[in-house]
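With compact mmCIF, C-alpha atoms and all ligand atoms inside, this is my_file_30.txt:
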# COMPACT_ATOMS: atom_id res chain seq x y z
CA MET A 1 -209.93 80.46 10.78
CA ILE A 2 -209.16 83.14 8.23
CA VAL A 3 -206.95 81.78 5.44
CA LEU A 4 -204.65 84.43 3.97
CA LYS A 5 -203.52 84.13 0.34
CA THR A 6 -200.02 84.73 -0.95
CA GLN A 7 -199.35 86.86 -4.03
CA SER A 8 -198.89 83.71 -6.07
CA GLU A 9 -202.15 82.19 -4.78
CA LEU A 10 -203.94 85.44 -5.67
CA LYS A 11 -202.61 85.10 -9.21
CA THR A 12 -203.83 81.50 -9.40
CA MET A 13 -207.25 82.52 -8.02
CA MET A 14 -207.71 85.05 -10.79
CA LYS A 15 -208.72 82.44 -13.35
CA ALA A 16 -211.68 81.21 -11.29
CA MET A 17 -212.59 84.82 -10.56
CA ARG A 18 -212.40 85.86 -14.21
CA ILE A 19 -214.57 82.94 -15.33
CA SER A 20 -217.08 83.74 -12.57
CA ALA A 21 -217.30 87.34 -13.78
CA GLU A 22 -217.58 86.31 -17.42
CA THR A 23 -220.41 83.95 -16.47
CA LEU A 24 -222.38 87.01 -15.37
CA ASN A 25 -221.71 88.54 -18.79
CA ILE A 26 -223.21 85.40 -20.32
CA ALA A 27 -226.19 85.78 -18.00
CA GLU A 28 -226.68 89.36 -19.14
CA GLU A 29 -226.56 88.31 -22.80
CA THR A 30 -228.90 85.38 -22.24
CA ILE A 31 -231.60 86.92 -20.04
CA ARG A 32 -234.67 87.83 -22.06
CA GLU A 33 -238.45 87.69 -21.86
CA GLY A 34 -239.74 84.13 -22.22
CA ILE A 35 -236.59 82.20 -21.35
CA THR A 36 -236.89 79.80 -18.40
CA THR A 37 -234.50 80.08 -15.50
CA LYS A 38 -233.48 76.46 -16.22
CA GLU A 39 -232.49 77.41 -19.78
CA LEU A 40 -230.52 80.35 -18.41
CA ASP A 41 -228.79 78.04 -15.93
CA LYS A 42 -227.86 75.62 -18.74
CA ALA A 43 -226.21 78.46 -20.69
CA LEU A 44 -224.14 79.34 -17.62
CA TYR A 45 -223.21 75.69 -17.00
CA ASP A 46 -222.09 75.27 -20.63
CA PHE A 47 -219.97 78.43 -20.46
CA ILE A 48 -218.21 77.41 -17.24
CA ILE A 49 -217.43 73.92 -18.55
CA ARG A 50 -216.25 75.35 -21.89
CA SER A 51 -213.93 77.66 -19.94
CA GLY A 52 -212.24 74.71 -18.27
CA ALA A 53 -213.81 75.27 -14.85
CA LYS A 54 -216.53 73.66 -12.74
CA PRO A 55 -219.66 75.31 -11.36
CA SER A 56 -218.88 75.97 -7.69
CA PHE A 57 -222.48 75.83 -6.50
CA LEU A 58 -223.51 72.61 -8.26
CA GLY A 59 -223.73 70.03 -5.48
CA LEU A 60 -222.50 72.46 -2.80
CA TYR A 61 -224.48 71.48 0.33
CA GLY A 62 -226.66 69.63 -2.22
CA PHE A 63 -227.63 72.66 -4.35
CA PRO A 64 -228.98 71.23 -7.63
CA ALA A 65 -227.88 73.82 -10.21
CA THR A 66 -225.05 75.97 -11.56
CA ALA A 67 -226.45 79.31 -10.44
CA CYS A 68 -228.86 80.63 -7.84
CA ILE A 69 -231.41 82.44 -9.99
CA SER A 70 -233.75 84.54 -7.88
CA VAL A 71 -236.68 86.36 -9.48
CA ASN A 72 -238.55 89.33 -7.94
CA ASP A 73 -239.52 88.41 -4.36
CA VAL A 74 -236.93 85.63 -4.22
CA VAL A 75 -233.95 87.21 -2.44
CA ILE A 76 -231.37 84.44 -2.87
CA HIS A 77 -230.92 80.71 -3.54
CA GLY A 78 -233.62 80.49 -6.22
CA ILE A 79 -233.48 77.06 -7.90
CA PRO A 80 -233.61 77.27 -11.72
CA ASP A 81 -236.86 75.76 -13.01
CA ASP A 82 -239.47 76.12 -15.75
CA THR A 83 -240.48 79.63 -14.71
CA ARG A 84 -240.42 81.93 -17.74
CA LEU A 85 -238.96 85.38 -17.24
CA LYS A 86 -241.42 88.19 -17.87
CA TYR A 87 -240.84 91.76 -19.02
CA GLY A 88 -240.21 93.89 -15.92
CA ASP A 89 -238.87 91.05 -13.74
CA ILE A 90 -235.70 91.56 -11.75
CA VAL A 91 -233.42 88.54 -11.71
CA SER A 92 -230.50 87.98 -9.37
CA VAL A 93 -227.89 85.57 -10.71
CA ASP A 94 -225.39 84.34 -8.11
CA VAL A 95 -222.71 82.13 -9.59
CA GLY A 96 -219.19 80.88 -9.00
CA ALA A 97 -216.58 78.92 -10.92
CA TYR A 98 -213.99 76.51 -9.49
CA CYS A 99 -210.65 76.26 -11.23
CA ASP A 100 -207.01 75.50 -10.27
CA GLY A 101 -208.04 74.85 -6.67
CA PHE A 102 -209.94 78.09 -6.05
CA HIS A 103 -213.49 79.38 -6.19
CA GLY A 104 -214.84 82.64 -7.55
CA ASP A 105 -218.15 84.09 -6.38
CA ASN A 106 -220.25 86.98 -7.65
CA ALA A 107 -223.82 88.10 -8.15
CA TYR A 108 -225.73 90.74 -10.06
CA THR A 109 -229.40 91.63 -10.32
CA PHE A 110 -230.53 92.09 -13.92
CA ILE A 111 -233.68 93.64 -15.35
CA VAL A 112 -235.74 91.82 -17.98
CA GLY A 113 -236.38 94.63 -20.48
CA ASP A 114 -237.34 97.54 -18.26
CA THR A 115 -238.87 97.79 -14.79
CA SER A 116 -240.41 100.33 -12.41
CA GLU A 117 -238.45 103.35 -11.15
CA GLU A 118 -238.92 101.94 -7.63
CA ASN A 119 -237.19 98.68 -8.63
CA LYS A 120 -234.43 100.48 -10.52
CA LYS A 121 -233.66 102.63 -7.51
CA LEU A 122 -233.47 99.55 -5.27
CA LEU A 123 -230.99 97.95 -7.68
CA ARG A 124 -228.93 101.12 -8.04
CA GLU A 125 -228.64 101.71 -4.30
CA THR A 126 -227.93 98.08 -3.44
CA GLU A 127 -225.07 98.07 -5.95
CA ALA A 128 -223.89 101.44 -4.57
CA ALA A 129 -223.91 99.90 -1.06
CA LEU A 130 -221.68 97.08 -2.31
CA TYR A 131 -219.12 99.66 -3.47
CA LYS A 132 -219.42 101.58 -0.18
CA GLY A 133 -218.52 98.33 1.56
CA ILE A 134 -215.63 97.63 -0.80
CA GLU A 135 -214.22 101.12 -0.10
CA GLN A 136 -213.84 100.14 3.55
CA ALA A 137 -211.98 96.90 2.75
CA VAL A 138 -208.57 98.32 3.52
CA VAL A 139 -205.72 97.04 5.67
CA GLY A 140 -206.19 98.11 9.29
CA ASN A 141 -209.97 98.45 9.12
CA ARG A 142 -212.27 95.80 10.56
CA VAL A 143 -215.05 93.71 9.05
CA GLY A 144 -217.53 95.92 10.93
CA ASP A 145 -216.38 98.93 8.91
CA ILE A 146 -217.53 97.18 5.72
CA SER A 147 -220.79 96.09 7.35
CA HIS A 148 -221.51 99.52 8.77
CA ALA A 149 -220.86 101.30 5.45
CA ILE A 150 -223.35 99.05 3.68
CA GLU A 151 -225.95 99.45 6.42
CA GLN A 152 -225.52 103.20 6.55
CA HIS A 153 -226.01 103.56 2.79
CA ILE A 154 -229.10 101.33 2.67
CA SER A 155 -230.83 102.62 5.80
CA GLN A 156 -231.35 106.11 4.34
CA PHE A 157 -233.81 104.62 1.80
CA GLY A 158 -235.89 102.66 4.32
CA TYR A 159 -235.12 99.34 2.63
CA GLY A 160 -234.72 96.11 4.62
CA ILE A 161 -231.25 94.58 4.93
CA VAL A 162 -231.33 90.79 5.09
CA ARG A 163 -229.69 89.67 8.33
CA GLN A 164 -229.94 85.90 8.09
CA PHE A 165 -227.44 85.63 5.24
CA VAL A 166 -224.05 87.31 5.01
CA GLY A 167 -220.90 87.65 2.92
CA HIS A 168 -217.89 85.45 3.58
CA GLY A 169 -214.26 84.64 2.96
CA VAL A 170 -213.64 82.92 -0.38
CA GLY A 171 -210.72 80.84 -1.63
CA ARG A 172 -210.00 77.12 -1.68
CA GLU A 173 -213.41 76.81 -0.03
CA MET A 174 -216.48 78.59 -1.34
CA HIS A 175 -217.36 79.79 2.14
CA GLU A 176 -214.46 80.62 4.42
CA ASP A 177 -214.11 82.83 7.48
CA PRO A 178 -214.78 85.60 8.24
CA GLU A 179 -218.51 86.21 7.97
CA VAL A 180 -219.16 89.61 6.40
CA PRO A 181 -222.60 90.86 7.52
CA ASN A 182 -224.35 93.71 5.71
CA PHE A 183 -225.03 95.47 9.01
CA GLY A 184 -222.87 96.12 12.02
CA ARG A 185 -220.73 98.45 14.07
CA ALA A 186 -217.77 100.32 12.66
CA GLY A 187 -214.52 99.42 14.40
CA HIS A 188 -215.73 95.95 15.42
CA GLY A 189 -215.07 92.44 14.13
CA PRO A 190 -211.94 90.82 12.69
CA ARG A 191 -209.10 93.10 11.59
CA LEU A 192 -208.58 93.29 7.81
CA VAL A 193 -205.09 92.27 6.75
CA GLU A 194 -203.24 91.86 3.47
CA GLY A 195 -204.04 88.59 1.72
CA MET A 196 -207.64 88.26 2.87
CA THR A 197 -210.10 87.46 0.10
CA ILE A 198 -213.77 88.04 0.87
CA ALA A 199 -217.09 88.08 -0.92
CA ILE A 200 -219.17 91.15 -0.05
CA GLU A 201 -222.82 90.70 -0.94
CA PRO A 202 -225.59 93.03 0.21
CA MET A 203 -229.06 91.45 -0.01
CA VAL A 204 -231.69 94.15 0.27
CA ASN A 205 -235.49 93.95 0.37
CA LEU A 206 -237.66 96.77 -0.89
CA LYS A 207 -239.83 96.31 2.22
CA GLY A 208 -238.86 94.84 5.59
CA ASP A 209 -235.80 92.82 6.46
CA ALA A 210 -237.55 89.50 7.15
CA VAL A 211 -237.14 86.56 4.80
CA LYS A 212 -238.63 83.06 4.69
CA VAL A 213 -237.04 79.88 3.37
CA MET A 214 -239.42 77.78 1.29
CA PRO A 215 -240.04 74.06 1.93
CA ASP A 216 -237.43 73.15 -0.75
CA GLY A 217 -234.87 74.29 1.84
CA TRP A 218 -233.28 76.81 -0.56
CA THR A 219 -235.58 79.39 -2.11
CA THR A 220 -235.47 82.42 0.17
CA LYS A 221 -238.24 84.99 -0.31
CA THR A 222 -239.00 88.33 1.26
CA ALA A 223 -241.57 87.87 4.03
CA SER A 224 -243.41 90.98 2.81
CA GLY A 225 -243.73 89.75 -0.78
CA SER A 226 -241.77 92.78 -2.02
CA VAL A 227 -238.92 92.48 -4.52
CA ALA A 228 -235.28 92.21 -3.42
CA ALA A 229 -231.84 92.94 -4.86
CA HIS A 230 -228.49 91.18 -4.50
CA PHE A 231 -225.05 92.29 -5.72
CA GLU A 232 -221.75 90.59 -4.93
CA HIS A 233 -218.06 90.88 -5.69
CA SER A 234 -215.13 88.81 -4.49
CA ILE A 235 -212.32 91.16 -3.47
CA ALA A 236 -208.76 90.96 -2.16
CA ILE A 237 -207.38 93.16 0.60
CA THR A 238 -203.96 94.37 -0.49
CA SER A 239 -201.42 96.97 0.60
CA ASN A 240 -202.64 99.02 -2.37
CA GLY A 241 -206.25 98.92 -1.23
CA PRO A 242 -209.17 96.69 -2.19
CA VAL A 243 -208.91 94.85 -5.51
CA ILE A 244 -212.13 93.64 -7.12
CA LEU A 245 -211.35 90.12 -8.33
CA THR A 246 -214.66 89.62 -10.15
CA LYS A 247 -214.66 92.86 -12.12
CA ARG A 248 -216.68 92.44 -15.33
CA LYS A 249 -215.44 93.71 -18.66
MG MG A 301 -221.30 84.54 -1.83

Show how you would write the structure in this file as structure tokens.
Amino acid sequence: MIVLKTQSELKTMMKAMRISAETLNIAEETIREGITTKELDKALYDFIIRSGAKPSFLGLYGFPATACISVNDVVIHGIPDDTRLKYGDIVSVDVGAYCDGFHGDNAYTFIVGDTSEENKKLLRETEAALYKGIEQAVVGNRVGDISHAIEQHISQFGYGIVRQFVGHGVGREMHEDPEVPNFGRAGHGPRLVEGMTIAIEPMVNLKGDAVKVMPDGWTTKTASGSVAAHFEHSIAITSNGPVILTKRK
């Protein structure tokens, strides 16, 4: 069931969304060569608590940390640990904050120092695909229009779009209906109406679309061993077009 939000609920949601976005700013400031992903996670936890919110992911389906921190060939759901970030790594941070009854959700893939042109292009085009999807999030379109726009943008580069994991509605629950795949047919799927709030999150592998979940039940790697990118915004569908709720300042 798709839960629509009223204007006043959208206003209330904004605090969780703002804190979620600011948490990515903290991630950006904190990420450096030599830091462990556990230390990074602790900085994000401290920020969310200090902001008067709770980490949405901590304990969600049993996830053991504040953020999913996914390095290089880890696509999503990386568990923070004692791994030290190295110069040239790419690091996806997926994080949400819960506040006043609502969740925020967003992700960004950062570079530790500098990385290869090949990696930078993957990041650039995955983020561009996110915005292509957002452009289609208008009243009267369908979920498939978002999915198709993302797929169409990514397919021209020969990258692999992850199919096993998808975007989702977001609100009082972290994961609500509808599912928002990063591939699909234009003109198909649920109709987009005013008051829908969804998280759009392309997950794109440099090579091949297959992924494998590690024995910990979370860590999801590319099957090919290539790197992967992940960008996500929570957005609202309004009569004035899509509004990015997790815009970073
Ligand atoms: Mg999400």

Could the residues of chain A that have an atom at most 6 Å from ligand MG 301 (chain A) be listed as JSON lines, each with its closest atom pair and the distance in Å to one decimal, counting all atoms listed in the file and ordered by chain and ascending residue number?
{"residue": "A:Asp105", "atom": "CA", "partner": "A:MG301", "partner_atom": "MG", "distance": 5.6}
{"residue": "A:Gly167", "atom": "CA", "partner": "A:MG301", "partner_atom": "MG", "distance": 5.7}
{"residue": "A:Ala199", "atom": "CA", "partner": "A:MG301", "partner_atom": "MG", "distance": 5.6}

Export of prior selection with C-alpha atoms as a PDB file, in the frame of the given file:
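again.pdb was written with the following content:
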ATOM      1  CA  ASP A 105    -218.150  84.090  -6.380  1.00  0.00           C
ATOM      2  CA  GLY A 167    -220.900  87.650   2.920  1.00  0.00           C
ATOM      3  CA  ALA A 199    -217.090  88.080  -0.920  1.00  0.00           C
TER       4      ALA A 199
END

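For the set A:Val180, A:Val143, A:Leu122, A:Leu60, the residue with the smallest atom-to-atom gap to Ser155 (chain A) is A:Leu122, counting only C-alpha atoms.
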
Set out as a Markdown table a contact list for region 12-91 of chain A and region 173-179 of chain A with a cut-off of 12 Å, giving each residue of region 12-91 of chain A that qualifies its closest atom pair and distance in Å to one decimal, counting only C-alpha atoms, ordered by chain and rising residue number.
| residue | atom | partner | partner_atom | distance |
| --- | --- | --- | --- | --- |
| A:Met13 | CA | A:Glu173 | CA | 11.6 |
| A:Ala16 | CA | A:Met174 | CA | 11.4 |
| A:Met17 | CA | A:Met174 | CA | 11.8 |
| A:Pro55 | CA | A:Met174 | CA | 11.0 |
| A:Ser56 | CA | A:Met174 | CA | 7.3 |
| A:Phe57 | CA | A:Met174 | CA | 8.4 |
| A:Leu58 | CA | A:Met174 | CA | 11.5 |
| A:Gly59 | CA | A:Met174 | CA | 12.0 |
| A:Leu60 | CA | A:Met174 | CA | 8.7 |
| A:Tyr61 | CA | A:Met174 | CA | 10.8 |

Problem set entry | Point-to-point distance from CA of Tyr159 (chain A) to CA of Asp209 (chain A), Å rounded to tenths | 7.6 Å

Closest-contact table, region 44-157 of chain A side, partner region 228-236 of chain A, 6 Å, counting only C-alpha atoms, as JSON lines:
{"residue": "A:Asp73", "atom": "CA", "partner": "A:Ala228", "partner_atom": "CA", "distance": 5.8}
{"residue": "A:Val75", "atom": "CA", "partner": "A:Ala228", "partner_atom": "CA", "distance": 5.3}
{"residue": "A:Asp105", "atom": "CA", "partner": "A:Ser234", "partner_atom": "CA", "distance": 5.9}
{"residue": "A:Asn106", "atom": "CA", "partner": "A:Glu232", "partner_atom": "CA", "distance": 4.8}
{"residue": "A:Ala107", "atom": "CA", "partner": "A:Glu232", "partner_atom": "CA", "distance": 4.6}
{"residue": "A:Tyr108", "atom": "CA", "partner": "A:Phe231", "partner_atom": "CA", "distance": 4.7}
{"residue": "A:Thr109", "atom": "CA", "partner": "A:His230", "partner_atom": "CA", "distance": 5.9}
{"residue": "A:Leu123", "atom": "CA", "partner": "A:Ala229", "partner_atom": "CA", "distance": 5.8}
{"residue": "A:Glu127", "atom": "CA", "partner": "A:Phe231", "partner_atom": "CA", "distance": 5.8}
